[in-house]
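Student: Coordinates in model01.txt, compact mmCIF, C-alpha atoms, are listed below.
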# COMPACT_ATOMS: atom_id res chain seq x y z
CA MET I 1 62.37 -54.12 63.42
CA ARG I 2 64.84 -54.97 60.65
CA ASN I 3 62.52 -57.68 59.33
CA VAL I 4 59.61 -55.26 59.18
CA ILE I 5 61.65 -52.72 57.21
CA SER I 6 62.89 -55.43 54.82
CA LEU I 7 59.34 -56.66 54.27
CA LEU I 8 58.09 -53.10 53.74
CA ALA I 9 60.90 -52.40 51.25
CA LEU I 10 60.11 -55.60 49.36
CA THR I 11 56.40 -54.70 49.24
CA VAL I 12 57.14 -51.19 47.97
CA LEU I 13 59.51 -52.58 45.34
CA ALA I 14 56.87 -55.06 44.15
CA ALA I 15 54.24 -52.30 44.04
CA VAL I 16 56.51 -50.01 42.02
CA ALA I 17 57.46 -52.82 39.64
CA THR I 18 53.86 -53.82 38.93
CA SER I 19 51.97 -50.51 39.09
CA GLY I 20 50.91 -48.79 35.91
CA CYS I 21 51.85 -51.71 33.69
CA ALA I 22 49.36 -53.87 31.86
CA GLY I 23 51.93 -56.65 31.33
CA PRO I 24 52.07 -58.01 34.89
CA GLU I 25 48.31 -57.70 35.20
CA GLU I 26 47.71 -59.76 32.05
CA LYS I 27 50.32 -62.33 33.03
CA PHE I 28 48.79 -62.75 36.49
CA GLY I 29 45.27 -63.15 35.05
CA ARG I 30 46.47 -65.67 32.47
CA GLY I 31 48.28 -67.56 35.24
CA MET I 32 45.10 -67.69 37.34
CA ARG I 33 43.04 -68.99 34.39
CA ASN I 34 45.61 -71.62 33.55
CA THR I 35 46.09 -72.72 37.16
CA TRP I 36 42.37 -73.49 37.51
CA GLU I 37 42.47 -75.82 34.50
CA VAL I 38 42.59 -78.86 36.81
CA VAL I 39 39.24 -77.83 38.29
CA ARG I 40 37.67 -76.65 35.02
CA MET I 41 38.74 -79.67 32.92
CA GLY I 42 38.32 -77.85 29.59
CA GLU I 43 41.39 -79.43 27.99
CA MET I 44 40.27 -82.87 29.17
CA ARG I 45 36.79 -82.51 27.66
CA ARG I 46 38.14 -81.01 24.42
CA SER I 47 40.76 -83.76 23.96
CA VAL I 48 38.25 -86.54 24.55
CA GLU I 49 35.76 -84.89 22.18
CA GLN I 50 38.27 -84.24 19.38
CA THR I 51 39.86 -87.68 19.60
CA THR I 52 36.43 -89.34 19.60
CA VAL I 53 35.28 -87.40 16.54
CA ILE I 54 38.51 -87.74 14.55
CA ASP I 55 39.56 -91.30 15.43
CA SER I 56 36.85 -93.39 17.11
CA PRO I 57 34.96 -93.55 20.42
CA ASP I 58 37.21 -96.32 21.75
CA VAL I 59 40.34 -94.29 21.08
CA GLY I 60 38.67 -91.11 22.36
CA TYR I 61 37.87 -92.51 25.77
CA THR I 62 41.36 -93.94 26.30
CA THR I 63 43.94 -91.98 24.32
CA GLY I 64 41.87 -88.80 24.45
CA PHE I 65 41.64 -89.06 28.22
CA ILE I 66 45.42 -89.45 28.60
CA ARG I 67 46.07 -86.63 26.11
CA GLY I 68 43.63 -84.39 27.97
CA LEU I 69 45.22 -85.24 31.31
CA ASN I 70 48.67 -84.36 29.94
CA ARG I 71 47.44 -81.06 28.47
CA SER I 72 45.61 -80.16 31.70
CA LEU I 73 48.71 -80.80 33.79
CA LEU I 74 50.85 -78.83 31.32
CA ARG I 75 48.44 -75.88 31.40
CA THR I 76 48.34 -75.98 35.21
CA GLY I 77 52.15 -76.01 35.39
CA VAL I 78 52.38 -73.05 33.01
CA GLY I 79 49.79 -71.24 35.13
CA VAL I 80 51.76 -71.78 38.33
CA TYR I 81 54.91 -70.56 36.56
CA GLU I 82 53.14 -67.40 35.37
CA LEU I 83 51.71 -66.75 38.84
CA VAL I 84 55.12 -67.00 40.46
CA THR I 85 56.90 -64.87 37.84
CA PHE I 86 54.18 -62.32 37.03
CA PRO I 87 56.19 -59.20 38.08
CA ILE I 88 59.21 -60.32 36.03
CA PRO I 89 59.37 -59.74 32.24
CA PRO I 90 58.68 -61.16 29.62
CA TYR I 91 54.93 -60.73 29.83
CA HIS I 92 53.89 -62.66 26.71
CA ALA I 93 52.41 -66.14 26.97
CA VAL I 94 54.88 -69.00 27.34
CA ALA I 95 54.71 -72.54 25.88
CA THR I 96 52.38 -71.46 23.07
CA ARG I 97 54.03 -74.05 20.83
CA TYR I 98 52.38 -76.78 22.92
CA ILE I 99 49.17 -75.19 24.22
CA PRO I 100 47.17 -72.11 23.15
CA ALA I 101 47.57 -68.99 25.29
CA GLU I 102 43.91 -69.03 26.39
CA PRO I 103 42.17 -72.08 27.90
CA SER I 104 40.04 -74.01 25.44
CA GLU I 105 36.53 -75.43 25.61
CA PRO I 106 34.99 -78.31 23.66
CA ASP I 107 33.56 -77.28 20.30
CA ASN I 108 30.09 -78.54 21.23
CA TYR I 109 29.67 -76.14 24.18
CA ARG I 110 30.90 -72.65 25.01
CA PRO I 111 29.86 -71.33 28.42
CA GLN I 112 28.33 -67.88 28.63
CA ARG I 113 28.63 -65.43 31.48
CA ILE I 114 26.93 -66.25 34.78
CA SER I 115 23.33 -65.11 35.16
CA ASP I 116 23.78 -62.66 38.02
CA SER I 117 22.41 -59.31 39.06
CA MET I 118 25.87 -57.82 38.52
CA PHE I 119 25.67 -58.39 34.76
CA ASP I 120 21.93 -58.73 34.11
CA THR I 121 19.92 -56.05 35.86
CA ASP I 122 16.40 -56.80 34.68
CA THR I 123 14.35 -55.45 37.57
CA TYR I 124 10.95 -56.14 36.01
CA VAL I 125 11.28 -59.90 35.67
CA GLY I 126 13.71 -60.45 38.54
CA PHE I 127 16.24 -62.44 36.50
CA SER I 128 17.74 -62.43 33.02
CA GLY I 129 19.38 -64.87 30.65
CA GLY I 130 22.75 -66.55 31.00
CA ASP I 131 24.39 -69.68 32.35
CA VAL I 132 23.44 -70.72 35.84
CA ALA I 133 26.58 -72.64 36.80
CA PRO I 134 29.25 -72.58 34.03
CA PHE I 135 31.97 -73.29 36.59
CA ILE I 136 30.60 -76.83 37.10
CA PRO I 137 32.05 -79.13 34.41
CA GLY I 138 29.33 -80.44 32.12
CA CYS I 139 26.57 -78.12 33.40
CA ARG I 140 24.62 -76.78 30.44
CA PHE I 141 21.64 -75.24 32.19
CA SER I 142 21.00 -71.70 31.02
CA ILE I 143 18.15 -69.25 31.29
CA PHE I 144 16.60 -67.80 28.12
CA SER I 145 19.11 -69.44 25.77
CA ASN I 146 18.45 -68.39 22.19
Could I get this structure in the form of structure tokens?

Tutor:
Amino acid sequence: MRNVISLLALTVLAAVATSGCAGPEEKFGRGMRNTWEVVRMGEMRRSVEQTTVIDSPDVGYTTGFIRGLNRSLLRTGVGVYELVTFPIPPYHAVATRYIPAEPSEPDNYRPQRISDSMFDTDTYVGFSGGDVAPFIPGCRFSIFSN
């Protein structure tokens, strides 16, 4: 019974600490985005692309890969830190000296929103424009791209 009361008190304290504040909400969302960097591989693709364009293709595929791996692991670590500490201030982005606050994409491709009936409600045609699978790295298939 004591454990249940302790758990309930902890839950109520966490709810009071995080309710009505935009700070914990933003920090948790930023932590989720950064944690999924390992799956998304945006930093990896951007580092390889930028190193290839600026230096050379040989350097881009070797040094750019290692640089992208380091930045992806750093972003994932920052994301895990922000997920664990989201109810605790400060709520601003951390490690912005090393990585931008928001995840990056390569300059040659920016994914759009998913083509789904939630966002595109064209009932006459049956589907509308947008990316089909932007969560798959390297997928550039989109409907009605202008």

Student: Write out as CSV a residue-level contact list of segment 57-110 of chain I versus segment 46-51 of chain I with cut-off 9 Å: for each qualifying residue the closest pair of atoms and the distance in Å to one decimal, counting only C-alpha atoms, rows sorted by chain and residue number upward.

Tutor:
residue,atom,partner,partner_atom,distance
I:Pro57,CA,I:Thr51,CA,7.7
I:Val59,CA,I:Thr51,CA,6.8
I:Gly60,CA,I:Thr51,CA,4.6
I:Tyr61,CA,I:Val48,CA,6.1
I:Thr62,CA,I:Val48,CA,8.2
I:Thr63,CA,I:Thr51,CA,7.6
I:Gly64,CA,I:Val48,CA,4.3
I:Phe65,CA,I:Val48,CA,5.6
I:Ile66,CA,I:Ser47,CA,8.7
I:Arg67,CA,I:Ser47,CA,6.4
I:Gly68,CA,I:Ser47,CA,5.0
I:Leu69,CA,I:Ser47,CA,8.7
I:Arg71,CA,I:Ser47,CA,8.5
I:Ser104,CA,I:Arg46,CA,7.3
I:Glu105,CA,I:Arg46,CA,5.9
I:Pro106,CA,I:Arg46,CA,4.2
I:Asp107,CA,I:Arg46,CA,7.2
I:Asn108,CA,I:Glu49,CA,8.6

Student: For the atom pair atom CA of Val84 of chain I and atom CA of Glu43 of chain I, what is the interatomic distance in Å to one decimal place?

Tutor: 22.3 Å

Student: Quote the spacing between atom CA of Gly77 of chain I and atom CA of Pro89 of chain I in Å to one decimal place.

Tutor: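 Taking atom CA of Gly77 of chain I and atom CA of Pro89 of chain I, their separation equals 18.1 Å.
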
Student: Nearest residue to Asn34 of chain I out of I:Ala101, I:Ile136, I:Gly79, I:His92, using only C-alpha atoms?

Tutor: I:Gly79

Student: So how far away is atom CA of Gly42 of chain I from atom CA of Ile88 of chain I, in Å?

Tutor: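 About the pair atom CA of Ile88 of chain I and atom CA of Gly42 of chain I: they are 28.0 Å apart.
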
Student: Of the candidates I:Thr76, I:Tyr81, I:Ala95, I:Phe28, which one gets nearest to Arg40 of chain I if we count all atoms listed in the file?

Tutor: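 Counting all atoms listed in the file, the residue closest to Arg40 of chain I is I:Thr76.
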